[in-house]
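Comments concern the structure below.
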Number of protein chains: 2
Amino acid sequence: MVVVGGDAGGMTAAAVARRRRSEAELEIVAFERTPHTSYSACGIPYLVGGVVTDPATLIARSPEVHRDRGLDVRTGHDVVGIDLDRREIAVVADGAQRREHFDSLLIATGAHPVRPRLPGIESRNVFGLQTLADGLAIRHVLDEEQPAHAVIVGGGYIGLEMAEALVARGVKVAVVEAVGQPMATLDPDMGALVADALRGIGVDLHLGVPVDGFESGTDGAVRAVRLGDASLPADLVVLGLGVRPASDLARDAGIDIGGSGGIVADTAMRTSAEGVWAAGDCVEVRHRVSGHTMAIALGTYANRQGRVAGITMTGGAAEFPGVIGTAIAKICAYEVARTGLHEEDARRAGFDPVSARIESTTRAAYFPGAQPMTVKAIADRRTGRLLGGQIVGKDGAAKRIDVMATGIWNDMTAEEFAMLDLSYAPPFGPVWDPVALAARKVADLVEQ
Amino acid sequence: MVVVGGDAGGMTAAAVARRRRSEAELEIVAFERTPHTSYSACGIPYLVGGVVTDPATLIARSPEVHRDRGLDVRTGHDVVGIDLDRREIAVVADGAQRREHFDSLLIATGAHPVRPRLPGIESRNVFGLQTLADGLAIRHVLDEEQPAHAVIVGGGYIGLEMAEALVARGVKVAVVEAVGQPMATLDPDMGALVADALRGIGVDLHLGVPVDGFESGTDGAVRAVRLGDASLPADLVVLGLGVRPASDLARDAGIDIGGSGGIVADTAMRTSAEGVWAAGDCVEVRHRVSGHTMAIALGTYANRQGRVAGITMTGGAAEFPGVIGTAIAKICAYEVARTGLHEEDARRAGFDPVSARIESTTRAAYFPGAQPMTVKAIADRRTGRLLGGQIVGKDGAAKRIDVMATGIWNDMTAEEFAMLDLSYAPPFGPVWDPVALAARKVADLVEQ
């Protein structure tokens with residue numbers, strides 16, 4: 001069993017396969033280009049912001065730990081080709097190329113950060129945000145060069161987490177987002193709450209404005225970001241424009257790639273090629289509510305897909321059941337989360353959405369420490385089916401999105417969701433939990 | 001429309017009915033024995049402990065507020081009889097009995113605290129824990145008599161919340177529980193964690209010991225609690241032995257009462273008598289997993305049943321879909337929650353339970369402020385169906401029970417639950433949320 005890529009998808013599959021098959025039964029070799037395995041990419045903003053100080057804590061399992069568990073992990077090994085007929089991969093290490101045989105192959109090559117071909121993007125101190133190396137490089141610049149101004153390009157989750165991190169480090173931060181709101185996976189009304197929260201922590205927001213390019217000084221370091229006629233001072237730029245599946249290796253081998261650019265895999269994580277599986281950010285996923293396939297890079301999906309591949313590659317039965325786009329982020333005191341379809345998504349998927357937004361609190365209103373939270377619920381006008389949920393609030397608000405996610409996953413109607421047996425005690429919420437209250441309110445808008 | 005009982009079940013129904021029918025269309029009269037309506041009984045421990053200082057904050061809607069919204073609320077009115085043939089009730093107020101006509105009747109008489117006939121139980125300073133008056137009386141004793149020792153009889157949720165409250169007030173607290181663990185709705189292994197937590201805050205626990213009686217001094221006030229040969233000093237006793245449905249009024253009228261002692265109602269909250277509905281703690285509920293009917297007094301059920309009754313009594317369609325026994329409590333730094341069936345419940349209901357218990361954290365392990373949490377998941381060995389969940393942990397742990405509750409409600413298998421699309425970011429949990437991890441572990445024990 002050969003695994004290409006030593007992060008969440010690949011190493012989870014390898015570890016699960018090892019638990020099911022002894023070293024005598026199955027040799028497992030994993031090739032990883034970088035020096036690191038199984039690290040928490042989601043932890044990088046916290047490493048930059050100083051919440052986490054030791055980068056080693058972001059590494060769930062080092063290559064040594066994997067080796068101790070019977071996995072032959074080879075870091076610094078770049079897989080550059082797959083020969084399906086010969087059942088071989090081509091690997092470059094230390095400047096030399098070798099071929100390695102496989103019986104079963106897992107492609108877990110992850111994703112590449114989007115890096116638009118804009119003038120000046122190669123300037124020094126313009127960083128992506130994908131690898132541990134990116135995080136360490138940004139932290140190095142903060143420590144050594146004390147940048148006064150940072151610009152984040154892209155107002156998605158990780159961009160905003162980086163904005164918080166840089167604010168925490170005392171840098172003046174601007175966020176530039178091409179669409180008219182931060183977090184485009186929220187509806188505009190909920191995105192506006194996030195925009196208010198960002199401005200509240202001193203972030204300079206530029207919404208609906210595309211970046212035209214980057215200016216650098218004579219030292220080659222970035223010094224400004226150009227937006228049309230305007231220009232923002234920048235000693236540090238972080239590109240948070242998302243990622244695209246790293247599927248070239250699979251494509252070049254003739255394996256099916258979907259419209260999203262991700263590798264096509266069935267629920268057992270099998271690709272179109274016999275004996276070849278795929279897992280993680282390089283794979284496209286099916287959205288259970290819209291039915292559409294898409295590429296969404298999330299560690300939770302990679303871990304679950306890796307588990308499925310580890311089972312099915314060793315003869316077991318398991319299924320990756322698809323996704324519903326659940327996500328969560330913390331930006332200073334604010335918590336933001338979403339799941340399912342937002343209104344525009346819902347229309348595109350052929351639903352007729354109705355929505356309700358409620359204000360509530362994280363504890364009983366009379367209980368000390370109760371924090372405000374806004375919940376939006378979206379349902380289909382005709383069937384009442386709950387389609388999506390969004391939460392913006394403070395301490396203890398956002399994780400409740402998982403309850404909405406579980407309801408949406410199970411095709412519950414808003415009315416059914418409102419009548420769920422959810423827990424209640426004054427330190428944990430009002431007697432109608434905010435998510436149930438939002439569902440109850442949207443249920444009233446459904447056609448009877 | 002006549003409503004008997006002015007708390008959660010009754011007043012929710014009245015308010016919902018009023019929103020659906022104008023005062024010109026429907027007269028709504030609610031009779032309440034006490035001076036209070038719509039108060040948070042769950043808030044009483046916090047009133048006693050001083051977390052909440054103003055009792056008025058526990059009253060969600062006063063009689064005046066209800067009256068302003070077009071409801072004729074009559075406090076100090078005790079309904080003592082129902083005459084189904086004449087469509088009348090008998091009401092006592094100011095010492096006089098009158099009869100009042102109804103077209104439709106809602107019985108929302110709540111529950112009575114269990115008060116065993118033990119020697120000395122009528123001593124002064126032996127309190128129940130059901131009404132706002134109970135809470136105010138206990139607070140009065142704390143303020144005026146500075147009791148040194150308090151004994152809580154009963155180790156359920158509200159008893160333990162009262163233990164916390166009294167510890168917070170500087171009283172030495174003992175808890176006496178007839179069964180061998182606190183919180184009998186948890187499995188013994190999880191109950192043991194709660195016992196450890198209670199001992200950690202200085203509570204003297206007496207488990208598996210029944211109370212034999214109470215001793216009082218010459219002033220008539222309690223001074224000790226007798227347990228077999230032993231005796232515990234007590235200046236204050238709180239009875240936390242649970243409640244039983246206040247269904248006598250309905251029984252005397254010839255309305256069907258179930259084996260649990262609660263009024264039998266269908267999913268529209270209709271009783272066996274034409275034109276008579278019931279809602280709240282006086283009604284028995286159906287457990288969706290075991291299929292058994294039982295009496296569980298919870299404000300969330302009362303509110304939901306009241307909403308259903310308010311709709312169905314005004315000609316609309318709504319259903320109360322049953323319960324799965326979700327509950328949560330905070331005891332000092334500890335949070336405890338449960339849902340579904342515990343192992344013994346599961347066996348009694350004809351399942352063959354397997355269980356798994358995991359240790360995890362409320363945030364990514366490397367993230368500052370991560371708190372420990374233990375999650376137990378129970379599944380049926382043959383079908384893999386998730387049957388129950390239990391959580392003991394610290395800040396941010398227990399509310400995740402709602403995710404397990406929503407999964408159990410929807411008949412998910414443990415394997416399906418483990419593959420849910422739950423939210424992840426380092427400030428909110430590990431990449432496998434603790435509830436998903438517990439489900440994944442128990443899924444491995446299910447027959448393939």
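Every chain in the structure tokens has a letter given in the order shown (A, B, ...), and although residue numbers restart at 1 in each chain, ligands are simply numbered from 1 in the order shown.
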
Write out as a PyMOL selection string every residue belonging to chain B that has an atom at most 6 Å from any atom of chain A, counting only C-alpha atoms. chain B and resi 57+300+323+326-328+366+402-403+421-423+431

Got time to write the residues from that selection, all heavy atoms, as an mmCIF file, in the first residue's frame?
data_model
loop_
_atom_site.group_PDB
_atom_site.id
_atom_site.type_symbol
_atom_site.label_atom_id
_atom_site.label_comp_id
_atom_site.auth_asym_id
_atom_site.auth_seq_id
_atom_site.Cartn_x
_atom_site.Cartn_y
_atom_site.Cartn_z
ATOM 1 N N THR B 57 -36.543 38.417 37.988
ATOM 2 C CA THR B 57 -35.908 38.057 36.713
ATOM 3 C C THR B 57 -36.248 36.626 36.317
ATOM 4 O O THR B 57 -36.109 36.269 35.149
ATOM 5 C CB THR B 57 -34.377 38.197 36.777
ATOM 6 O OG1 THR B 57 -33.891 37.342 37.814
ATOM 7 C CG2 THR B 57 -33.964 39.626 37.059
ATOM 8 N N THR B 300 -38.726 22.311 28.987
ATOM 9 C CA THR B 300 -38.681 22.270 27.520
ATOM 10 C C THR B 300 -39.871 21.494 26.966
ATOM 11 O O THR B 300 -40.439 21.869 25.944
ATOM 12 C CB THR B 300 -37.368 21.631 27.031
ATOM 13 O OG1 THR B 300 -37.185 20.389 27.701
ATOM 14 C CG2 THR B 300 -36.191 22.533 27.332
ATOM 15 N N VAL B 323 -40.123 12.274 23.394
ATOM 16 C CA VAL B 323 -38.896 12.765 24.030
ATOM 17 C C VAL B 323 -37.827 11.686 23.972
ATOM 18 O O VAL B 323 -38.105 10.523 23.655
ATOM 19 C CB VAL B 323 -39.156 13.143 25.506
ATOM 20 C CG1 VAL B 323 -40.357 14.086 25.626
ATOM 21 C CG2 VAL B 323 -39.372 11.900 26.381
ATOM 22 N N THR B 326 -33.305 14.070 27.204
ATOM 23 C CA THR B 326 -32.093 14.898 27.219
ATOM 24 C C THR B 326 -32.095 15.788 28.459
ATOM 25 O O THR B 326 -33.122 16.383 28.793
ATOM 26 C CB THR B 326 -32.054 15.774 25.963
ATOM 27 O OG1 THR B 326 -32.285 14.945 24.819
ATOM 28 C CG2 THR B 326 -30.708 16.469 25.822
ATOM 29 N N ALA B 327 -30.963 15.869 29.135
ATOM 30 C CA ALA B 327 -30.876 16.722 30.324
ATOM 31 C C ALA B 327 -29.444 17.206 30.503
ATOM 32 O O ALA B 327 -28.498 16.581 30.005
ATOM 33 C CB ALA B 327 -31.327 15.953 31.559
ATOM 34 N N ILE B 328 -29.310 18.316 31.187
ATOM 35 C CA ILE B 328 -27.986 18.930 31.374
ATOM 36 C C ILE B 328 -27.968 19.630 32.721
ATOM 37 O O ILE B 328 -29.015 20.092 33.207
ATOM 38 C CB ILE B 328 -27.711 19.923 30.220
ATOM 39 C CG1 ILE B 328 -26.251 20.369 30.167
ATOM 40 C CG2 ILE B 328 -28.618 21.168 30.311
ATOM 41 C CD1 ILE B 328 -25.891 21.085 28.853
ATOM 42 N N TYR B 366 -3.907 21.520 21.793
ATOM 43 C CA TYR B 366 -2.831 22.510 21.919
ATOM 44 C C TYR B 366 -3.355 23.915 22.162
ATOM 45 O O TYR B 366 -2.585 24.848 22.341
ATOM 46 C CB TYR B 366 -1.953 22.505 20.659
ATOM 47 C CG TYR B 366 -2.689 22.807 19.375
ATOM 48 C CD1 TYR B 366 -3.042 24.109 19.030
ATOM 49 C CD2 TYR B 366 -3.033 21.792 18.488
ATOM 50 C CE1 TYR B 366 -3.718 24.383 17.848
ATOM 51 C CE2 TYR B 366 -3.705 22.050 17.314
ATOM 52 C CZ TYR B 366 -4.045 23.339 16.996
ATOM 53 O OH TYR B 366 -4.708 23.612 15.832
ATOM 54 N N ASP B 402 -26.536 17.940 22.698
ATOM 55 C CA ASP B 402 -27.620 18.192 21.743
ATOM 56 C C ASP B 402 -27.324 17.575 20.372
ATOM 57 O O ASP B 402 -28.255 17.243 19.630
ATOM 58 C CB ASP B 402 -27.843 19.701 21.569
ATOM 59 C CG ASP B 402 -28.481 20.335 22.803
ATOM 60 O OD1 ASP B 402 -28.964 19.590 23.685
ATOM 61 O OD2 ASP B 402 -28.491 21.576 22.877
ATOM 62 N N VAL B 403 -26.055 17.477 20.035
ATOM 63 C CA VAL B 403 -25.692 16.856 18.757
ATOM 64 C C VAL B 403 -26.004 15.359 18.832
ATOM 65 O O VAL B 403 -26.603 14.789 17.911
ATOM 66 C CB VAL B 403 -24.213 17.102 18.431
ATOM 67 C CG1 VAL B 403 -23.903 16.628 17.020
ATOM 68 C CG2 VAL B 403 -23.857 18.567 18.608
ATOM 69 N N ASP B 421 -21.041 15.804 9.272
ATOM 70 C CA ASP B 421 -20.246 16.995 8.946
ATOM 71 C C ASP B 421 -20.398 18.000 10.093
ATOM 72 O O ASP B 421 -21.232 18.896 10.049
ATOM 73 C CB ASP B 421 -20.742 17.573 7.617
ATOM 74 C CG ASP B 421 -19.887 18.733 7.140
ATOM 75 O OD1 ASP B 421 -18.928 19.106 7.840
ATOM 76 O OD2 ASP B 421 -20.190 19.249 6.043
ATOM 77 N N LEU B 422 -19.590 17.816 11.138
ATOM 78 C CA LEU B 422 -19.619 18.710 12.299
ATOM 79 C C LEU B 422 -18.544 19.791 12.128
ATOM 80 O O LEU B 422 -17.566 19.600 11.430
ATOM 81 C CB LEU B 422 -19.375 17.921 13.584
ATOM 82 C CG LEU B 422 -20.367 16.778 13.857
ATOM 83 C CD1 LEU B 422 -20.039 16.094 15.177
ATOM 84 C CD2 LEU B 422 -21.805 17.273 13.833
ATOM 85 N N SER B 423 -18.760 20.902 12.792
ATOM 86 C CA SER B 423 -17.843 22.035 12.648
ATOM 87 C C SER B 423 -16.523 21.760 13.348
ATOM 88 O O SER B 423 -16.473 21.060 14.355
ATOM 89 C CB SER B 423 -18.482 23.288 13.228
ATOM 90 O OG SER B 423 -18.688 23.155 14.618
ATOM 91 N N VAL B 431 -10.174 17.834 15.798
ATOM 92 C CA VAL B 431 -10.687 17.634 14.439
ATOM 93 C C VAL B 431 -11.771 16.541 14.429
ATOM 94 O O VAL B 431 -12.709 16.619 13.625
ATOM 95 C CB VAL B 431 -9.532 17.371 13.448
ATOM 96 C CG1 VAL B 431 -8.887 16.026 13.710
ATOM 97 C CG2 VAL B 431 -9.987 17.495 12.012
#

Residues at most 12 Å from His140 in chain B, counting only C-alpha atoms, excluding those fewer than 2 positions away in the same chain, as a list in words?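 Near His140 in chain B, the qualifying residues are Leu47, Val48, Gly49, Gly50, Asn125, Phe127, Ala133, Asp134, Gly135, Leu136, Ala137, Ile138, Leu142, Asp143, Glu144, Glu145, Gln146, Pro147 and Leu236 of chain B.
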
Write the residues of the selection above to a file with C-alpha atoms, as a compact mmCIF listing (two decimals), in the first residue's frame.
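Output file part26.txt is given in full below:
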# COMPACT_ATOMS: atom_id res chain seq x y z
CA LEU B 47 -31.72 32.35 43.20
CA VAL B 48 -30.80 30.41 46.33
CA GLY B 49 -27.07 30.47 45.53
CA GLY B 50 -27.04 34.18 44.84
CA ASN B 125 -36.64 24.19 57.54
CA PHE B 127 -38.14 22.37 52.10
CA ALA B 133 -42.02 30.27 47.12
CA ASP B 134 -39.80 27.28 48.03
CA GLY B 135 -36.76 29.08 46.66
CA LEU B 136 -37.56 32.31 48.45
CA ALA B 137 -38.15 30.44 51.72
CA ILE B 138 -34.77 28.68 51.50
CA LEU B 142 -29.92 31.28 54.58
CA ASP B 143 -30.07 35.04 55.10
CA GLU B 144 -31.68 35.04 58.53
CA GLU B 145 -30.52 31.87 60.27
CA GLN B 146 -27.05 31.26 58.77
CA PRO B 147 -27.42 27.47 58.83
CA LEU B 236 -31.63 23.02 56.62

May I have all residues of range 79-240 of chain B that DSSP, computed from the backbone, assigns to helix (DSSP H, G or I), given as a PyMOL selection string? chain B and resi 132-145+157-168+188-200

Between CA of Leu445 in chain A and CA of Val392 in chain A, what is the spacing in Å?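 These atoms are spaced 22.0 Å apart.
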
Test item: residues at most 8 Å from Glu27 in chain B, only C-alpha atoms, excluding those fewer than 6 positions along its chain, as a PDB file with C-alpha atoms, in the first residue's frame:
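Contents of the output file out.pdb:
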ATOM      1  CA  MET B   1     -60.875  28.453  26.174  1.00  0.00           C
ATOM      2  CA  LEU B  71     -55.260  36.840  28.269  1.00  0.00           C
ATOM      3  CA  ASP B  72     -57.597  36.871  31.260  1.00  0.00           C
TER       4      ASP B  72
END

Hey, what's within 10 Å of Leu198 in chain B if we count only C-alpha atoms and toss same-chain stuff fewer than 2 positions away? As a ChimeraX atom specification, please? /B:160,163-164,174-175,182,192-196,200-205,331-332,334

I need the chosen residues saved as an mmCIF file, in the first residue's frame, with C-alpha atoms.
data_model
loop_
_atom_site.group_PDB
_atom_site.id
_atom_site.type_symbol
_atom_site.label_atom_id
_atom_site.label_comp_id
_atom_site.auth_asym_id
_atom_site.auth_seq_id
_atom_site.Cartn_x
_atom_site.Cartn_y
_atom_site.Cartn_z
ATOM 1 C CA LEU B 160 -26.987 18.714 42.898
ATOM 2 C CA ALA B 163 -25.776 21.479 46.577
ATOM 3 C CA GLU B 164 -23.676 23.841 44.442
ATOM 4 C CA ALA B 174 -24.228 16.605 52.565
ATOM 5 C CA VAL B 175 -26.125 14.801 49.809
ATOM 6 C CA PRO B 182 -25.548 10.610 42.014
ATOM 7 C CA ALA B 192 -18.723 8.071 39.494
ATOM 8 C CA LEU B 193 -17.157 11.055 37.690
ATOM 9 C CA VAL B 194 -19.959 13.244 39.037
ATOM 10 C CA ALA B 195 -19.403 11.838 42.536
ATOM 11 C CA ASP B 196 -15.709 12.737 42.273
ATOM 12 C CA GLY B 200 -13.954 17.862 44.953
ATOM 13 C CA ILE B 201 -16.119 20.857 45.894
ATOM 14 C CA GLY B 202 -16.415 19.616 49.460
ATOM 15 C CA VAL B 203 -19.803 17.879 49.338
ATOM 16 C CA ASP B 204 -20.208 14.987 51.801
ATOM 17 C CA LEU B 205 -21.795 12.204 49.725
ATOM 18 C CA ILE B 331 -22.249 21.848 39.216
ATOM 19 C CA CYS B 332 -19.529 24.373 39.957
ATOM 20 C CA TYR B 334 -18.385 20.652 36.088
#

Please list as a PyMOL selection string every residue within 12 Å of Gly9 in chain B, counting only C-alpha atoms and excluding residues in the same chain fewer than 6 positions away. chain B and resi 3+15-16+30+37-39+106-111+269+277-283+297-310

Based on DSSP run over this structure's backbone, return all residues of range 2-245 of chain A in strand (DSSP E or B), as a PyMOL selection string. chain A and resi 2-4+29-32+39+59+72-75+78-83+88-93+96-101+105-107+111-113+124+126-127+149-153+172-177+204-207+213-216+221-227+230-233+236-239+243-245

Can you tell me how far CA of Pro210 in chain A sits from CA of Gly393 in chain A, in Å to one decimal?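 Rounded to one decimal, the two atoms are 28.6 Å apart.
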
Spatial neighbours of Ile158 in chain A, 7 Å, only C-alpha atoms, chain gap at least 3 places, as a list of chain:residue names: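 Surrounding residues, per the criterion: A:Glu161, A:Met162, A:Gly240.
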
Grab the CA of Val114 in chain A to CA of Arg286 in chain A distance for me, in Å with one decimal place. 21.7 Å

When you count only C-alpha atoms, which of these residues is closest to Val375 in chain A: A:Ala333, A:Val92, A:Leu105, A:Ala439?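 Among A:Ala333, A:Val92, A:Leu105, A:Ala439, it is A:Ala439 that comes nearest to Val375 in chain A.
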